[in-house]
Structures are given as structure tokens and as C-alpha cells.
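Participant: So here's model.csv, just CSV, C-alpha atoms:
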chain,number,residue,atom,x,y,z
A,1295,MET,CA,45.3,6.3,-15.6
A,1296,PRO,CA,44.5,4.0,-12.7
A,1297,VAL,CA,44.8,5.5,-9.2
A,1298,SER,CA,44.8,4.1,-5.6
A,1299,ASP,CA,42.2,4.8,-3.0
A,1300,ASN,CA,44.1,8.0,-2.0
A,1301,GLY,CA,44.2,9.3,-5.5
A,1302,LEU,CA,47.9,8.4,-6.1
A,1303,SER,CA,48.8,7.1,-9.6
A,1304,LEU,CA,49.6,3.4,-9.6
A,1305,GLU,CA,52.6,4.2,-11.8
A,1306,LEU,CA,54.0,6.5,-9.1
A,1307,LEU,CA,53.4,3.9,-6.5
A,1308,GLU,CA,55.3,1.3,-8.6
A,1309,GLU,CA,58.2,3.7,-9.1
A,1310,LEU,CA,58.4,4.2,-5.3
A,1311,ALA,CA,58.3,0.4,-4.8
A,1312,ALA,CA,61.1,0.0,-7.3
A,1313,LEU,CA,63.1,2.7,-5.5
A,1314,ALA,CA,62.5,0.9,-2.1
A,1315,ALA,CA,63.7,-2.4,-3.7
A,1316,GLU,CA,66.8,-0.7,-5.1
A,1317,LYS,CA,67.7,0.9,-1.7
A,1318,THR,CA,67.1,-2.4,0.1
A,1319,ALA,CA,69.4,-4.3,-2.3
A,1320,ALA,CA,72.1,-1.5,-1.9
A,1321,GLY,CA,72.3,-2.0,1.8
A,1322,GLY,CA,69.1,-1.2,3.5
A,1323,LEU,CA,66.0,0.9,3.3
A,1324,ARG,CA,65.3,3.4,6.0
A,1325,LEU,CA,61.7,4.5,6.2
A,1326,ARG,CA,61.6,7.0,9.1
A,1327,GLY,CA,64.0,9.4,10.8
A,1328,GLU,CA,66.9,11.3,9.3
A,1329,GLY,CA,67.9,9.9,5.9
A,1330,GLY,CA,64.6,8.0,5.6
A,1331,ILE,CA,62.4,7.9,2.5
A,1332,LEU,CA,59.2,8.9,4.3
A,1333,PRO,CA,60.5,12.3,5.7
A,1334,GLU,CA,61.7,13.2,2.2
A,1335,LEU,CA,58.3,12.3,0.7
A,1336,ALA,CA,56.6,14.2,3.5
A,1337,GLN,CA,58.8,17.2,2.9
A,1338,HIS,CA,57.8,17.4,-0.8
A,1339,LEU,CA,54.1,16.9,0.0
A,1340,VAL,CA,54.1,19.6,2.7
A,1341,GLN,CA,56.0,22.0,0.5
A,1342,ALA,CA,53.5,21.5,-2.4
A,1343,ALA,CA,50.6,22.0,0.1
A,1344,LEU,CA,52.1,25.2,1.4
A,1345,GLU,CA,52.6,26.5,-2.2
A,1346,ALA,CA,48.9,25.7,-3.0
A,1347,GLU,CA,47.8,27.5,0.2
A,1348,MET,CA,49.8,30.6,-0.9
A,1349,ASP,CA,48.3,30.5,-4.4
A,1350,LEU,CA,44.8,30.3,-2.9
A,1351,HIS,CA,45.6,33.2,-0.5
A,1352,LEU,CA,46.9,35.4,-3.2
A,1353,ALA,CA,44.0,34.6,-5.5
A,1354,GLY,CA,41.5,35.4,-2.7
A,1355,GLU,CA,43.2,38.8,-2.0
A,1356,SER,CA,43.3,39.6,-5.7
A,1357,VAL,CA,39.5,39.2,-5.8
A,1358,LEU,CA,39.1,41.4,-2.6
A,1359,ALA,CA,41.3,44.1,-4.2
A,1360,GLY,CA,39.1,44.2,-7.3
A,1361,GLY,CA,41.3,42.0,-9.4
A,1362,ARG,CA,44.2,44.3,-9.5
A,1363,GLY,CA,47.4,42.3,-9.9
A,1364,SER,CA,49.9,45.1,-10.4
A,1365,ARG,CA,53.0,45.2,-8.3
A,1366,SER,CA,52.2,48.5,-6.6
A,1367,SER,CA,48.7,47.7,-5.5
A,1368,GLY,CA,48.3,43.9,-5.1
A,1369,ASN,CA,49.8,41.4,-2.7
A,1370,MET,CA,52.4,39.0,-4.1
A,1371,ARG,CA,55.0,36.4,-3.1
A,1372,ASN,CA,58.0,37.7,-1.1
A,1373,GLY,CA,60.4,34.8,-0.7
A,1374,TYR,CA,60.5,32.0,1.9
A,1375,ARG,CA,61.6,31.2,5.4
A,1376,ALA,CA,63.0,27.9,6.4
A,1377,LYS,CA,61.2,25.9,9.1
A,1378,LYS,CA,62.1,22.6,10.7
A,1379,VAL,CA,59.1,20.7,11.7
A,1380,MET,CA,59.0,17.5,13.8
A,1381,THR,CA,56.6,15.0,12.1
A,1382,GLU,CA,55.6,11.5,12.9
A,1383,VAL,CA,58.0,10.2,10.3
A,1384,GLY,CA,61.0,12.3,11.5
A,1385,PRO,CA,62.2,15.9,11.2
A,1386,VAL,CA,61.4,17.8,7.9
A,1387,VAL,CA,62.7,21.1,6.7
A,1388,VAL,CA,60.3,23.1,4.5
A,1389,SER,CA,60.4,26.6,3.0
A,1390,VAL,CA,57.3,28.5,4.1
A,1391,PRO,CA,56.3,31.0,1.4
A,1392,ARG,CA,55.8,34.7,2.5
A,1393,ASP,CA,53.8,37.5,1.0
A,1394,ARG,CA,54.6,41.2,0.8
A,1395,LEU,CA,51.7,42.3,3.0
A,1396,GLY,CA,52.4,39.7,5.7
A,1397,THR,CA,48.9,38.4,5.7
A,1398,PHE,CA,49.5,34.8,4.7
A,1399,ARG,CA,48.8,32.4,7.6
A,1400,PRO,CA,49.4,28.8,6.6
A,1401,GLY,CA,46.8,26.4,7.9
A,1402,LEU,CA,48.9,23.2,7.4
A,1403,LEU,CA,51.8,24.5,9.6
A,1404,PRO,CA,50.6,27.4,11.7
A,1405,LYS,CA,53.0,30.3,12.3
A,1406,TYR,CA,54.8,29.2,15.4
A,1407,ALA,CA,54.2,25.4,15.3
A,1408,ARG,CA,57.3,23.2,15.5
A,1409,ARG,CA,55.4,19.9,15.6
A,1410,THR,CA,52.5,18.4,13.7
A,1411,GLY,CA,49.3,17.5,15.4
A,1412,ALA,CA,50.0,13.8,14.8
A,1413,LEU,CA,53.2,13.9,16.8
A,1414,ASP,CA,51.3,15.6,19.7
A,1415,GLU,CA,48.7,12.8,19.5
A,1416,MET,CA,51.5,10.2,19.6
A,1417,VAL,CA,53.0,11.8,22.8
A,1418,LEU,CA,49.6,11.9,24.4
A,1419,SER,CA,49.0,8.2,23.5
A,1420,LEU,CA,52.4,7.2,25.0
A,1421,THR,CA,51.6,9.2,28.1
A,1422,GLY,CA,48.3,7.5,28.4
A,1423,LYS,CA,50.0,4.2,28.3
A,1424,GLY,CA,52.0,5.1,31.3
A,1425,LEU,CA,55.4,6.1,29.8
A,1426,THR,CA,57.4,8.8,31.6
A,1427,SER,CA,58.6,11.9,29.8
A,1428,GLY,CA,62.1,10.5,29.6
A,1429,GLU,CA,60.8,7.2,28.2
A,1430,ILE,CA,58.8,9.1,25.6
A,1431,VAL,CA,61.9,11.1,24.5
A,1432,ALA,CA,64.0,7.9,24.3
A,1433,HIS,CA,61.2,6.1,22.3
A,1434,LEU,CA,60.8,9.0,19.8
A,1435,ALA,CA,64.6,9.1,19.3
A,1436,GLU,CA,65.0,5.4,18.9
A,1437,VAL,CA,62.0,4.7,16.7
A,1438,TYR,CA,61.4,7.9,14.8
A,1439,GLY,CA,64.8,9.6,14.9
A,1440,ILE,CA,63.2,12.7,16.5
A,1441,THR,CA,65.3,14.6,19.0
A,1442,THR,CA,63.1,16.3,21.5
A,1443,SER,CA,63.2,17.2,25.2
A,1444,LYS,CA,61.3,16.2,28.4
A,1445,GLU,CA,60.1,19.8,28.5
A,1446,THR,CA,58.5,19.5,25.1
A,1447,VAL,CA,56.7,16.3,26.1
A,1448,SER,CA,55.5,18.1,29.3
A,1449,THR,CA,54.3,21.1,27.3
A,1450,VAL,CA,52.2,18.8,25.0
A,1451,THR,CA,50.6,16.9,28.0
A,1452,ASP,CA,50.0,20.2,29.9
A,1453,LYS,CA,48.2,21.6,27.0
A,1454,ALA,CA,46.0,18.6,26.8
A,1455,LEU,CA,45.3,18.8,30.6
A,1456,GLU,CA,44.4,22.5,30.2
A,1457,SER,CA,41.9,21.8,27.4
A,1458,MET,CA,40.4,18.9,29.5
A,1459,ALA,CA,40.0,21.2,32.5
A,1460,GLU,CA,38.3,23.9,30.3
A,1461,TRP,CA,35.9,21.2,28.9
A,1462,ARG,CA,35.0,20.0,32.4
A,1463,THR,CA,34.2,23.5,33.7
A,1464,ARG,CA,32.4,24.7,30.6
A,1465,PRO,CA,28.8,26.0,31.1
A,1466,LEU,CA,26.2,23.5,30.1
A,1467,ASP,CA,23.4,24.2,27.8
A,1468,PRO,CA,20.2,24.2,30.0
A,1469,GLY,CA,18.2,22.7,27.1
A,1470,ARG,CA,20.4,19.6,27.1
A,1471,ILE,CA,20.5,18.8,30.8
A,1472,PRO,CA,18.2,15.9,31.5
A,1473,LEU,CA,15.7,16.4,34.2
A,1474,ILE,CA,15.6,13.8,36.9
A,1475,VAL,CA,12.1,13.4,38.3
A,1476,ALA,CA,11.7,11.5,41.5
A,1477,ASN,CA,9.2,8.7,41.4
A,1478,GLN,CA,6.2,10.0,43.4
A,1479,ARG,CA,3.5,7.8,44.7
For this file, produce the structure as C-alpha cells.

Facilitator:
Amino acid sequence: MPVSDNGLSLELLEELAALAAEKTAAGGLRLRGEGGILPELAQHLVQAALEAEMDLHLAGESVLAGGRGSRSSGNMRNGYRAKKVMTEVGPVVVSVPRDRLGTFRPGLLPKYARRTGALDEMVLSLTGKGLTSGEIVAHLAEVYGITTSKETVSTVTDKALESMAEWRTRPLDPGRIPLIVANQR
């Protein structure tokens, strides 16, 4: 079966293109924001990735526990918790899987994260271009359908400033500091 550069089946891509054409003919295709096709697609992809992470986590714990898979001794799935995440294509609600022992820590969506890293990068880029917090909030709402606050924008930029300050004041490796030798005659 032929696939794209990203490993997607060309048949799947053709089905998505047909759906987009159908939605366009029916009155309009919305890509981003609430009701858009990209947030729905992102939701399904993130959900599948979280399930795969949980499967890997449980398989790893099973190996550590000596292969025991019984209910009394091994870790197992224990339901889900809903989580709304702001992404670069709009808000997405996913069900984060939980395990009985509470040891599962998703890498894709860390425990208390409410935004993806790409959204933070977008805020930093807009800040770097000179937009104020209010202008960034308005831009995200207008273009991406994302409702956020000036405080959230400030939190993102403050975190970036803190990491820059840490980097500037880090101790330098003495082996990497170039020596400047004065030209002596």
C-alpha cells in the first residue's frame, strides 16, 4: 500500500480530501478552532498516542514485576480522566488513561500541562514580533479559536525569560573557554 512521506496511507489521505471537498460543498470547511477538522484529527491522534504510551508503560512494569500479570500483583489500567488541552489547531479534549498504581506519567501530555509546546512557541514568536499580551490573546482567539488570558501569555513568556536567565548565568566549562593571548613583541 503506497504511503506518504509521513507514513500515512495515500488511501486515507484521499478519504480526508473527499471529506474536505464534501464539507466545502455543504457550506464551508473549517480547519482550525472549535468544530474544525484538524482539532478532531489531532484529538484522535493524541488519544491513540496516549493509549500506546500506557501499553508500553504496563508492558515495562510487567517485565519489572517478573512477568506477573495477575490482578492482585500487577499494575493494570484503571479508567480515564478527561483533559482539555490547547493545541496549535484549537482546543482538544482527550481521555488520559490511568493505572492502578498511579505510576503512569504520559510524555506527550505531562500531568499538569494544559497547552502543547507548539502553542507556547507560537506565543513566544508573537511576543518576539512585538505583539502585546492582549494582541496575542485576540490573535489566538480570532485565528485559532483558542480562548486564553493575558496571564497565560505572561506565564509563557516569563518561563522563557527565566530559562534564558539560567542559561546566561550557568557555569562555563573551563575546557571550552578560549584563551586570549596578548600579542607580545

Participant: For a quick check of understanding, using all atoms listed in the file, which of A:Val1450, A:Val1386, A:Ala1376, A:Ala1312 has the smallest distance to Lys1405 (chain A)?

Facilitator: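 So, comparing all the options, the nearest one is A:Ala1376.
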
Participant: Enter the distance from CA of Arg1399 (chain A) to CA of Ser1419 (chain A), in Å, rounded to one decimal.

Facilitator: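 These atoms are spaced 29.0 Å apart.
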
Participant: Give me, please, the distance in Å between CA of Val1431 (chain A) and CA of Glu1382 (chain A), quoted to one decimal.

Facilitator: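 Result for CA of Val1431 (chain A) versus CA of Glu1382 (chain A): 13.2 Å, one decimal.
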
Participant: For each of A:Arg1324, A:Arg1394, A:His1433, A:Lys1377, take the minimum atom-to-atom distance to Leu1420 (chain A), counting all atoms listed in the file, then give the residue where this is smallest.

Facilitator: A:His1433

Participant: For Met1295 (chain A), find every residue with an atom within 10 Å (counting all atoms listed in the file), except residues of its own chain fewer than 4 positions away, and show them as a list of chain:residue names.

Facilitator: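 The filter keeps A:Ser1303, A:Leu1304, A:Glu1305.
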
Participant: What is the CA of Leu1403 (chain A) to CA of Leu1455 (chain A) distance in Å?

Facilitator: 22.7 Å

Participant: Can you list, as a list in words, every protein, DNA or RNA residue that comes within 12 Å of Phe1398 (chain A) when you count only C-alpha atoms, leaving out same-chain residues fewer than 5 positions away?

Facilitator: Leu1344, Glu1345, Ala1346, Glu1347, Met1348, Asp1349, Leu1350, His1351, Leu1352, Ala1353, Gly1354, Glu1355, Asn1369, Met1370, Arg1371, Asn1372, Tyr1374, Val1390, Pro1391, Arg1392, Asp1393, Leu1403, Pro1404 and Lys1405 of chain A

Participant: For Ala1314 (chain A), please output as a list in words all residues within 10 Å (counting all atoms listed in the file; exclusion window: fewer than 4 positions along the same chain).

Facilitator: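 Within the cut-off, the hits are Glu1308, Glu1309, Leu1310, Thr1318, Ala1319, Ala1320, Gly1322, Leu1323, Arg1324, Leu1325 and Ile1331 of chain A.
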
Participant: Calculated over all atoms listed in the file, which of the candidates A:Leu1339, A:Ser1389, A:Ser1427, A:Pro1333 has the smallest distance to Thr1449 (chain A)?

Facilitator: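 Nearest to Thr1449 (chain A): A:Ser1427.
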
Participant: Could you tell me which of A:Val1387, A:Ala1336, A:Ala1454, A:Ala1343 comes closest to Asp1414 (chain A) if we count only C-alpha atoms?

Facilitator: A:Ala1454
